[in-house]
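**Q** For reference, the file target-v1.txt (compact mmCIF, C-alpha atoms) is included below:
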# COMPACT_ATOMS: atom_id res chain seq x y z
CA MET A 6 20.81 5.56 -7.87
CA PHE A 7 19.82 7.73 -4.93
CA ASP A 8 19.34 11.45 -5.06
CA SER A 9 21.15 13.61 -2.61
CA GLU A 10 19.28 14.75 0.44
CA LEU A 11 18.75 18.17 -1.06
CA SER A 12 16.89 16.96 -4.13
CA ILE A 13 14.74 14.63 -2.06
CA HIS A 14 13.61 17.60 -0.01
CA CYS A 15 12.85 19.51 -3.20
CA ILE A 16 10.67 16.66 -4.43
CA HIS A 17 8.82 16.60 -1.13
CA SER A 18 8.01 20.27 -1.36
CA MET A 19 7.18 20.10 -5.08
CA TYR A 20 4.26 17.75 -4.56
CA SER A 21 3.52 18.60 -0.98
CA GLY A 22 0.11 19.83 -2.08
CA ILE A 23 -1.01 16.34 -3.00
CA ASN A 24 -2.43 14.61 0.05
CA ILE A 25 -3.86 11.25 0.90
CA SER A 26 -6.57 11.41 3.51
CA GLN A 27 -7.30 8.43 5.69
CA THR A 28 -10.76 9.74 6.52
CA ASP A 29 -11.64 10.05 2.83
CA ALA A 30 -13.67 6.96 1.87
CA ARG A 31 -12.39 7.08 -1.72
CA PRO A 32 -9.47 4.84 -2.62
CA MET A 33 -6.03 6.46 -2.64
CA TYR A 34 -5.62 6.31 -6.43
CA LEU A 35 -8.85 8.30 -6.94
CA GLN A 36 -7.71 10.94 -4.45
CA ILE A 37 -4.44 11.31 -6.37
CA MET A 38 -6.21 11.45 -9.74
CA GLU A 39 -8.53 14.18 -8.58
CA GLN A 40 -5.72 16.35 -7.23
CA ILE A 41 -3.75 15.99 -10.47
CA ARG A 42 -6.87 16.83 -12.51
CA ALA A 43 -7.45 19.90 -10.35
CA ARG A 44 -3.92 21.15 -11.09
CA ILE A 45 -4.45 20.66 -14.82
CA VAL A 46 -7.87 22.35 -14.80
CA ALA A 47 -6.46 25.31 -12.89
CA GLY A 48 -3.66 25.63 -15.45
CA ASP A 49 -0.98 25.07 -12.80
CA TRP A 50 0.17 22.07 -14.77
CA ALA A 51 0.16 23.21 -18.40
CA ALA A 52 -0.16 21.00 -21.48
CA GLY A 53 3.13 19.26 -22.18
CA LYS A 54 4.37 19.49 -18.59
CA GLU A 55 6.20 16.38 -17.50
CA LEU A 56 4.66 14.60 -14.55
CA PRO A 57 6.87 13.20 -11.79
CA SER A 58 7.94 9.63 -12.45
CA ILE A 59 5.81 6.96 -10.81
CA ARG A 60 8.55 6.01 -8.37
CA ALA A 61 9.41 9.62 -7.51
CA LEU A 62 5.79 10.47 -6.74
CA ALA A 63 5.37 7.23 -4.76
CA ALA A 64 8.41 8.15 -2.67
CA ALA A 65 7.28 11.75 -2.20
CA LEU A 66 3.78 10.75 -1.05
CA SER A 67 4.85 7.56 0.79
CA VAL A 68 2.33 5.60 -1.22
CA SER A 69 2.90 2.30 -3.00
CA VAL A 70 4.13 2.30 -6.59
CA ILE A 71 1.12 0.24 -7.71
CA THR A 72 -1.27 2.94 -6.46
CA ILE A 73 0.45 5.70 -8.46
CA LYS A 74 0.59 3.38 -11.50
CA ARG A 75 -3.14 2.84 -11.26
CA ALA A 76 -3.79 6.61 -11.00
CA TYR A 77 -1.59 7.39 -14.03
CA LEU A 78 -3.12 4.57 -16.09
CA ASP A 79 -6.65 5.81 -15.42
CA LEU A 80 -5.68 9.44 -16.18
CA GLU A 81 -4.17 8.18 -19.42
CA ASN A 82 -7.36 6.33 -20.33
CA GLU A 83 -9.29 9.54 -19.69
CA GLY A 84 -6.95 11.34 -22.08
CA VAL A 85 -5.76 13.73 -19.37
CA ILE A 86 -2.13 12.61 -19.59
CA VAL A 87 -0.06 10.77 -22.18
CA THR A 88 2.70 8.31 -21.40
CA ARG A 89 5.57 7.95 -23.82
CA HIS A 90 7.35 4.71 -23.26
CA GLY A 91 10.74 5.26 -21.68
CA LYS A 92 10.25 9.03 -21.60
CA GLY A 93 7.68 9.60 -18.92
CA SER A 94 4.17 10.98 -18.55
CA PHE A 95 3.03 14.41 -19.71
CA VAL A 96 -0.05 16.57 -19.44
CA ALA A 97 -1.99 15.88 -22.67
CA GLU A 98 -1.75 18.45 -25.47
CA VAL A 99 -5.48 18.47 -26.11
CA ASN A 100 -7.11 21.78 -26.91
CA GLY A 101 -9.89 22.57 -24.52
CA LEU A 102 -9.02 19.68 -22.24
CA ALA A 103 -9.37 21.93 -19.24
CA ALA A 104 -12.75 23.12 -20.48
CA GLU A 105 -13.82 19.54 -21.03
CA LEU A 106 -12.92 18.66 -17.48
CA GLN A 107 -14.78 21.73 -16.19
CA GLU A 108 -17.86 20.64 -18.10
CA GLU A 109 -17.66 17.17 -16.61
CA LYS A 110 -17.47 18.78 -13.23
CA ILE A 111 -20.54 20.89 -13.88
CA ASP A 112 -22.49 17.84 -15.03
CA GLU A 113 -21.52 16.05 -11.83
CA HIS A 114 -22.76 18.91 -9.66
CA LEU A 115 -25.97 19.27 -11.65
CA ALA A 116 -26.64 15.54 -11.34
CA ALA A 117 -26.12 15.78 -7.59
CA ALA A 118 -28.51 18.75 -7.42
CA ALA A 119 -31.09 16.87 -9.49
CA GLY A 120 -30.84 13.90 -7.13
CA LEU A 121 -31.30 16.09 -4.05
CA GLY A 122 -34.22 17.89 -5.72
CA GLN A 123 -35.93 14.56 -6.32
CA GLN A 124 -35.39 13.52 -2.71
CA LEU A 125 -37.00 16.79 -1.54
CA GLY A 126 -39.88 16.25 -3.99
CA LEU A 127 -39.12 19.37 -6.09
CA THR A 128 -40.59 19.53 -9.59
CA PRO A 129 -38.17 20.18 -12.49
CA GLU A 130 -39.63 23.71 -12.74
CA GLU A 131 -39.02 24.44 -9.06
CA LEU A 132 -35.47 23.15 -9.38
CA ALA A 133 -34.87 25.28 -12.50
CA ASP A 134 -36.20 28.33 -10.60
CA ARG A 135 -33.71 27.69 -7.84
CA LEU A 136 -30.89 27.44 -10.37
CA ARG A 137 -31.93 30.79 -11.88
CA ARG A 138 -31.99 32.34 -8.42
CA ALA A 139 -28.48 30.97 -7.77
CA ILE A 140 -27.27 32.49 -11.05
CA ARG A 141 -28.73 35.88 -10.09
CA ASN A 142 -26.94 35.66 -6.73
CA VAL A 143 -23.62 34.99 -8.46
CA ASP A 144 -24.21 37.93 -10.86
CA ARG A 145 -24.89 40.26 -7.94
CA LYS A 146 -21.55 39.37 -6.39
CA MET B 8 14.45 -11.81 -20.29
CA THR B 9 12.84 -12.29 -16.93
CA GLN B 10 14.47 -10.77 -13.88
CA THR B 11 15.40 -12.99 -10.96
CA LYS B 12 12.65 -12.97 -8.39
CA HIS B 13 13.81 -11.57 -5.06
CA ILE B 14 11.84 -14.17 -3.13
CA GLU B 15 10.57 -17.50 -4.36
CA MET B 16 9.04 -19.99 -1.95
CA ARG B 17 7.51 -23.18 -3.30
CA ASN B 18 5.33 -25.49 -1.19
CA VAL B 19 7.38 -24.90 1.91
CA ARG B 20 6.66 -26.92 5.03
CA LYS B 21 8.13 -26.50 8.49
CA ALA B 22 6.75 -28.49 11.42
CA PHE B 23 7.19 -27.79 15.12
CA ARG B 24 5.60 -29.61 18.00
CA PHE B 25 2.61 -27.28 18.30
CA PHE B 26 2.68 -25.43 15.00
CA THR B 27 3.13 -26.32 11.35
CA LEU B 28 3.72 -24.00 8.44
CA GLU B 29 2.14 -25.83 5.53
CA ASP B 30 2.39 -25.56 1.75
CA LEU B 31 3.53 -21.94 1.66
CA SER B 32 4.30 -20.44 -1.75
CA LEU B 33 5.31 -16.80 -2.09
CA ASP B 34 6.84 -14.55 -4.78
CA LEU B 35 8.37 -11.10 -4.58
CA GLU B 36 9.51 -9.28 -7.72
CA PRO B 37 12.25 -6.63 -7.77
CA GLY B 38 10.93 -3.10 -7.23
CA GLN B 39 8.02 -4.19 -5.07
CA ILE B 40 6.99 -3.87 -1.46
CA MET B 41 5.14 -6.81 0.00
CA GLY B 42 3.08 -6.47 3.14
CA PHE B 43 2.97 -9.75 5.02
CA VAL B 44 -0.02 -9.73 7.29
CA GLY B 45 -1.29 -12.26 9.80
CA PRO B 46 -2.67 -12.52 13.32
CA ASN B 47 -0.31 -13.37 16.20
CA GLY B 48 1.00 -16.91 15.83
CA ALA B 49 0.12 -17.09 12.11
CA GLY B 50 3.65 -18.05 11.07
CA LYS B 51 5.04 -14.66 9.97
CA SER B 52 8.24 -14.91 11.98
CA THR B 53 8.75 -18.57 11.03
CA THR B 54 8.47 -17.58 7.36
CA ILE B 55 10.96 -14.77 7.86
CA ARG B 56 13.41 -17.10 9.65
CA LEU B 57 13.16 -19.50 6.71
CA LEU B 58 13.85 -16.64 4.28
CA THR B 59 16.88 -15.45 6.21
CA GLY B 60 18.39 -18.92 6.56
CA LEU B 61 17.86 -19.11 10.33
CA LEU B 62 15.66 -22.18 9.82
CA ALA B 63 15.76 -24.94 7.20
CA PRO B 64 12.46 -26.13 5.66
CA ASP B 65 11.29 -29.74 6.10
CA ALA B 66 10.01 -29.73 2.52
CA GLY B 67 9.73 -27.35 -0.43
CA GLU B 68 12.09 -24.91 -2.07
CA ILE B 69 13.24 -21.43 -1.04
CA ARG B 70 15.26 -19.07 -3.25
CA VAL B 71 16.23 -15.58 -2.15
CA LEU B 72 17.80 -13.25 -4.75
CA GLY B 73 18.28 -16.39 -6.84
CA HIS B 74 20.19 -18.27 -4.12
CA ALA B 75 18.90 -21.54 -2.69
CA MET B 76 18.23 -21.23 1.03
CA PRO B 77 19.59 -22.16 3.44
CA ALA B 78 22.44 -23.79 1.41
CA ALA B 79 23.69 -20.57 -0.23
CA GLN B 80 22.79 -18.24 2.63
CA THR B 81 26.26 -16.73 2.90
CA LEU B 82 25.96 -15.38 -0.64
CA ALA B 83 22.35 -14.30 -0.27
CA LYS B 84 22.92 -12.50 3.04
CA ARG B 85 25.37 -10.03 1.49
CA ASP B 86 22.37 -8.47 -0.18
CA ILE B 87 19.70 -8.99 2.46
CA GLY B 88 19.05 -6.43 5.15
CA PHE B 89 17.14 -8.02 8.01
CA VAL B 90 15.54 -6.08 10.83
CA SER B 91 13.35 -7.51 13.52
CA ASP B 92 11.78 -5.69 16.44
CA ASP B 93 13.50 -7.97 18.96
CA MET B 94 17.02 -7.11 17.72
CA ARG B 95 19.17 -5.49 20.40
CA LEU B 96 22.32 -3.49 19.79
CA PHE B 97 25.18 -3.57 22.32
CA GLY B 98 24.08 -1.23 25.08
CA HIS B 99 27.59 -0.29 26.20
CA ALA B 100 28.69 0.77 22.68
CA THR B 101 27.79 3.91 20.74
CA LEU B 102 25.79 4.07 17.52
CA GLY B 103 28.99 5.27 15.81
CA TRP B 104 30.80 2.11 16.95
CA HIS B 105 27.99 -0.01 15.49
CA MET B 106 28.18 1.89 12.21
CA GLN B 107 31.93 1.24 11.92
CA PHE B 108 31.41 -2.41 12.86
CA VAL B 109 28.75 -2.99 10.15
CA ALA B 110 30.81 -0.99 7.61
CA SER B 111 33.81 -3.29 8.25
CA ILE B 112 31.74 -6.38 7.41
CA TYR B 113 29.69 -5.21 4.44
CA PRO B 114 31.51 -3.72 1.42
CA GLY B 115 28.28 -2.06 0.20
CA TRP B 116 28.18 0.27 3.24
CA ASP B 117 27.34 3.81 2.11
CA GLU B 118 28.84 6.22 4.65
CA GLN B 119 27.28 9.32 3.14
CA TYR B 120 23.81 7.78 3.17
CA ALA B 121 24.41 6.60 6.76
CA ARG B 122 25.20 10.18 7.80
CA THR B 123 22.13 11.47 5.98
CA LEU B 124 20.00 8.95 7.88
CA VAL B 125 21.61 9.94 11.19
CA ARG B 126 20.48 13.52 10.53
CA ARG B 127 17.03 12.61 9.25
CA PHE B 128 16.36 10.28 12.18
CA ASN B 129 17.81 12.87 14.57
CA LEU B 130 20.24 10.36 16.14
CA ARG B 131 23.62 11.01 17.80
CA PRO B 132 26.47 8.69 16.77
CA GLN B 133 28.47 9.45 19.95
CA GLN B 134 25.63 8.37 22.25
CA ASN B 135 25.66 4.99 24.01
CA VAL B 136 22.92 2.69 22.72
CA SER B 137 21.70 2.07 26.28
CA GLY B 138 20.57 5.71 26.40
CA LEU B 139 18.32 5.49 23.34
CA SER B 140 14.54 5.50 23.59
CA SER B 141 12.76 2.50 22.03
CA GLY B 142 11.85 4.57 18.96
CA GLU B 143 15.47 5.74 18.56
CA HIS B 144 16.69 2.17 18.99
CA ALA B 145 14.33 0.98 16.22
CA LYS B 146 15.57 3.77 13.94
CA ALA B 147 19.22 2.94 14.76
CA VAL B 148 18.72 -0.74 13.85
CA LEU B 149 17.01 0.26 10.63
CA LEU B 150 19.77 2.75 9.77
CA LEU B 151 22.39 -0.02 10.11
CA ALA B 152 20.43 -2.17 7.64
CA LEU B 153 19.55 0.63 5.17
CA ALA B 154 23.07 2.07 4.88
CA ARG B 155 24.32 -1.29 3.60
CA ARG B 156 22.11 -0.68 0.56
CA PRO B 157 20.80 -4.27 0.49
CA ARG B 158 18.76 -5.27 -2.55
CA LEU B 159 16.21 -7.00 -0.34
CA LEU B 160 15.02 -5.64 2.99
CA ILE B 161 13.22 -8.08 5.25
CA LEU B 162 11.53 -6.29 8.12
CA ASP B 163 9.75 -8.11 10.92
CA GLU B 164 7.21 -5.76 12.51
CA PRO B 165 9.36 -2.67 11.80
CA THR B 166 6.79 -0.14 12.99
CA SER B 167 5.39 -1.93 16.02
CA GLY B 168 5.74 0.08 19.21
CA LEU B 169 6.65 3.29 17.38
CA ASP B 170 4.87 6.59 17.76
CA PRO B 171 3.04 8.02 14.70
CA VAL B 172 5.83 10.49 13.88
CA ALA B 173 8.55 7.81 13.91
CA ARG B 174 6.32 5.52 11.83
CA HIS B 175 5.81 8.28 9.30
CA GLU B 176 9.59 8.80 9.06
CA LEU B 177 10.28 5.09 8.61
CA LEU B 178 7.60 4.64 5.92
CA GLY B 179 9.09 7.60 4.06
CA GLU B 180 12.50 5.95 4.23
CA PHE B 181 11.11 2.63 2.91
CA MET B 182 9.54 4.39 -0.05
CA ASP B 183 12.83 6.15 -0.72
CA VAL B 184 14.54 2.76 -1.06
CA LEU B 185 11.95 1.81 -3.67
CA ARG B 186 12.94 4.68 -5.99
CA ASP B 187 15.42 2.11 -7.21
CA GLU B 188 13.59 -0.49 -9.30
CA ASP B 189 16.00 -3.25 -8.39
CA ARG B 190 15.32 -3.13 -4.67
CA SER B 191 12.47 -4.71 -2.79
CA ILE B 192 11.03 -4.94 0.70
CA LEU B 193 9.09 -7.61 2.53
CA PHE B 194 7.63 -6.40 5.77
CA SER B 195 5.43 -8.14 8.25
CA SER B 196 2.97 -6.16 10.27
CA HIS B 197 -0.39 -6.20 11.84
CA ASN B 198 -0.70 -2.48 11.30
CA THR B 199 -2.92 -2.71 8.22
CA VAL B 200 -2.97 1.08 7.75
CA ASP B 201 0.79 1.10 7.03
CA VAL B 202 0.50 -1.98 4.84
CA GLU B 203 -2.40 -0.51 2.86
CA ARG B 204 -0.48 2.67 2.24
CA ILE B 205 2.89 1.44 0.99
CA SER B 206 2.50 -2.17 -0.22
CA ASP B 207 2.29 -3.22 -3.85
CA ARG B 208 1.49 -6.80 -2.98
CA ILE B 209 -0.22 -8.17 0.08
CA THR B 210 -0.10 -11.67 1.52
CA PHE B 211 -2.36 -12.82 4.34
CA ILE B 212 -1.46 -15.85 6.41
CA ASP B 213 -3.31 -17.50 9.26
CA ARG B 214 -2.53 -20.56 11.41
CA GLY B 215 0.38 -21.65 9.25
CA ARG B 216 -1.39 -21.38 5.91
CA LEU B 217 -1.52 -18.85 3.13
CA VAL B 218 -4.99 -17.25 3.04
CA ASP B 219 -4.66 -14.97 0.01
CA SER B 220 -1.91 -13.19 -1.91
CA SER B 221 -2.45 -10.54 -4.57
CA ASP B 222 -1.81 -6.99 -5.79
CA LYS B 223 -3.08 -4.45 -3.30
CA GLU B 224 -5.31 -2.65 -5.80
CA ASP B 225 -6.77 -5.99 -6.77
CA PHE B 226 -7.73 -6.73 -3.14
CA LEU B 227 -9.34 -3.35 -2.73
CA GLU B 228 -11.30 -3.70 -6.01
CA ARG B 229 -12.54 -7.24 -5.32
CA TRP B 230 -13.97 -6.81 -1.84
CA ARG B 231 -17.23 -4.96 -1.13
CA ARG B 232 -19.87 -4.83 1.56
CA ILE B 233 -23.41 -4.60 0.16
CA HIS B 234 -26.37 -3.45 2.23
CA LEU B 235 -29.72 -4.72 1.01
CA GLN B 236 -33.32 -4.24 1.96
CA LEU B 237 -35.45 -7.18 0.82
CA PRO B 238 -39.09 -6.79 -0.21
CA ALA B 239 -41.35 -8.48 2.38
CA GLY B 240 -41.79 -12.20 1.77
CA VAL B 241 -38.78 -12.51 -0.54
CA ALA B 242 -35.91 -14.84 0.36
CA LEU B 243 -32.43 -14.13 -0.97
CA PRO B 244 -31.06 -17.05 -3.03
CA GLU B 245 -27.59 -18.50 -2.51
CA LEU B 246 -25.11 -16.22 -4.27
CA PRO B 247 -21.64 -17.05 -5.56
CA HIS B 248 -18.56 -15.30 -4.07
CA VAL B 249 -20.41 -14.16 -0.97
CA VAL B 250 -18.16 -14.85 2.01
CA SER B 251 -20.50 -13.62 4.69
CA ARG B 252 -24.17 -12.85 4.99
CA VAL B 253 -25.82 -11.28 7.99
CA GLN B 254 -29.59 -10.84 8.06
CA ASP B 255 -31.67 -8.78 10.45
CA GLY B 256 -35.34 -8.90 9.41
CA LEU B 257 -35.53 -7.41 5.93
CA PHE B 258 -32.03 -5.96 6.13
CA VAL B 259 -29.12 -8.00 4.80
CA THR B 260 -25.41 -7.27 4.72
CA LEU B 261 -23.38 -9.26 2.20
CA THR B 262 -19.60 -9.37 1.95
CA THR B 263 -18.22 -10.41 -1.42
CA ASN B 264 -14.65 -11.18 -2.49
CA ARG B 265 -15.44 -11.04 -6.23
CA PHE B 266 -17.37 -7.83 -6.67
CA SER B 267 -18.81 -7.08 -10.09
CA PRO B 268 -21.46 -4.65 -11.35
CA ASP B 269 -23.42 -7.75 -12.48
CA LEU B 270 -24.01 -8.63 -8.85
CA ILE B 271 -25.55 -5.22 -8.22
CA SER B 272 -27.83 -5.42 -11.26
CA PHE B 273 -28.84 -8.93 -10.19
CA LEU B 274 -29.75 -7.71 -6.70
CA GLY B 275 -31.67 -4.80 -8.24
CA ALA B 276 -33.64 -2.15 -6.39
CA GLY B 277 -33.04 -3.64 -2.95
CA VAL B 278 -29.43 -2.39 -2.88
CA ARG B 279 -29.21 0.44 -0.34
CA GLU B 280 -25.47 0.92 -0.31
CA VAL B 281 -22.27 -0.57 -1.68
CA GLN B 282 -19.22 0.07 0.48
CA ARG B 283 -15.54 -0.31 -0.22
CA MET B 284 -13.60 -2.03 2.55
CA SER B 285 -10.39 -1.04 4.25
CA LEU B 286 -7.53 -3.50 4.17
CA GLU B 287 -8.16 -4.23 7.84
CA GLU B 288 -11.79 -5.15 7.15
CA ILE B 289 -10.73 -7.28 4.17
CA PHE B 290 -8.09 -8.98 6.30
CA VAL B 291 -10.53 -9.90 9.09
CA ALA B 292 -13.27 -11.05 6.68
CA ASN B 293 -10.73 -13.05 4.69
CA VAL B 294 -9.30 -14.82 7.73
CA MET B 295 -12.74 -15.60 9.19
CA HIS B 296 -13.92 -16.97 5.86
CA HIS B 297 -10.76 -19.03 5.47
CA ARG B 298 -11.21 -20.54 8.94
CA GLU B 299 -14.84 -21.42 8.19
CA THR B 300 -13.97 -23.10 4.89
CA ARG B 301 -11.27 -25.13 6.55
CA GLY B 302 -13.71 -26.10 9.31
CA LEU B 303 -11.63 -24.57 12.10
What is this structure when it is put down as structure tokens?

**A**
Amino acid sequence: MFDSELSIHCIHSMYSGINISQTDARPMYLQIMEQIRARIVAGDWAAGKELPSIRALAAALSVSVITIKRAYLDLENEGVIVTRHGKGSFVAEVNGLAAELQEEKIDEHLAAAAGLGQQLGLTPEELADRLRRAIRNVDRK
Amino acid sequence: MTQTKHIEMRNVRKAFRFFTLEDLSLDLEPGQIMGFVGPNGAGKSTTIRLLTGLLAPDAGEIRVLGHAMPAAQTLAKRDIGFVSDDMRLFGHATLGWHMQFVASIYPGWDEQYARTLVRRFNLRPQQNVSGLSSGEHAKAVLLLALARRPRLLILDEPTSGLDPVARHELLGEFMDVLRDEDRSILFSSHNTVDVERISDRITFIDRGRLVDSSDKEDFLERWRRIHLQLPAGVALPELPHVVSRVQDGLFVTLTTNRFSPDLISFLGAGVREVQRMSLEEIFVANVMHHRETRGL
């Protein structure tokens, strides 16, 4: 049932980019979900790619099986991955999924900016001006 | 078809002159890691001695890998690997001698895996055990248990006294065992960081009684600390599932063990912050609450 030492080392290096931080206040399953999403958004993990099995990823990250299960289940509910019973989990074959995730991300950042603007007492117009200025700065680069 | 539970304890009682383990029930399914957490003197080691057949219960039922304990302990022990931090190998013999000795007793001994572990743990089979550091000794004891490929590993404080690097290596090795869905681990610890990281189920005990036992994610989802600022002149009513409440003027900190969004909408605008809790914080709050309820 056990892989040889060589393949275990391969698995370690394959997912070595996924980290659990103890100083991150978010629960471990959310940290894992976000790092998987990031790989899918970036196109590193293409549609149809098979994800590591729950137990393999748990072993590679030294994190409990139940934590990885929770992360996969939530990613499945979001439509980011699909799980075929007995076959494994795969990156979902949804057109524009990456774009969808990017848009969610943008909404998150804009909501955060809106919240900060309110705290600083900015009017919607002032905030919009700042956004335009930021866009001009990006264009210049 | 239901699989045989790896551990089944039902209403177990064991009395000593100054300590009684009372009404303990515990389940461990194949493929799971259970973290068994309690303060010093809670009854962790007594429980483990009952599970490994070193003690017989006064009342209740214990089954390990389907075998009644302690009656069928000879059968059960073939498939149990037990490691405790007070185990001592023979100082005048080498690790290699110990490996041969264990291999001659247990038919499941996996020589190739043993050699892999020797390399990964950076041990030397030809070295006398008396020359090992405490961390190397702990790794050697664990190697002897792991290489037997037991279906159930029972580990009493396996990471206590180890440096962070050795702990990291051991945790990695535990998780590797769990790649196989038919193996399981019960480990006792008061290092809640290790327990939080690798356990699927967590059981808290205190002063001989079970405090709480549940899936780890469930624990982490249920417990929250809520910081409130009350409007002047308003008193906070009694709330259900609040295990502790500390008030300083208008500022109140609540700890709940049954968090729900309803609670937040009930508390309304006064909520300043809702915090998740680490397993250590949950453990302490849980034990304190349990002691209060029992009037201790």

**Q** Given only C-alpha atoms as the basis, pick out the residue of A:Gly91, A:Gly53, A:Gly126, A:Pro32 nearest to chain B.

**A**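 Of A:Gly91, A:Gly53, A:Gly126, A:Pro32, the one nearest chain B is A:Pro32, counting only C-alpha atoms.
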
**Q** I'd like the contact shell of Gly122 in chain A - 9 Å cut-off, all atoms listed in the file, skipping same-chain residues fewer than 6 positions apart - returned as a PyMOL selection string.

**A** chain A and resi 128-129+131-132

**Q** Counting only C-alpha atoms, which residues of chain B come no farther than 7 Å from chain A, as a list in words?

**A** Leu178, Gly179, Met182, Asp183, Arg186, Asp187, Arg204, Ile205, Ser206, Asp207 and Glu224 of chain B

**Q** Calculate how many Å separate CA of Arg216 in chain B from CA of Asn293 in chain B, rounding to one decimal.

**A**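 That distance, rounded to one decimal, is 12.6 Å.
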
**Q** Go ahead and compute the interatomic distance for CA of Ala154 in chain B and CA of Asp201 in chain B, in Å to one decimal.

**A**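 About the pair CA of Ala154 in chain B and CA of Asp201 in chain B: they are 22.4 Å apart.
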
**Q** Kindly give the distance, in Å, that separates CA of Arg42 in chain A and CA of Leu80 in chain A, rounded to a single decimal.

**A** 8.3 Å

**Q** Find the residues near Arg155 in chain B: any atom within 9 Å, counting only C-alpha atoms, skip ones fewer than 5 places away on the same chain, and give them as a PyMOL selection string.

**A** chain B and resi 86+88+109-110+113-118+121+150

**Q** Counting all atoms listed in the file, which residue out of B:Ile14, B:Met284, B:Val278, B:Met106 sits closest to Gly38 in chain B?

**A**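 When distances to Gly38 in chain B are compared using all atoms listed in the file, the smallest one comes from B:Ile14.
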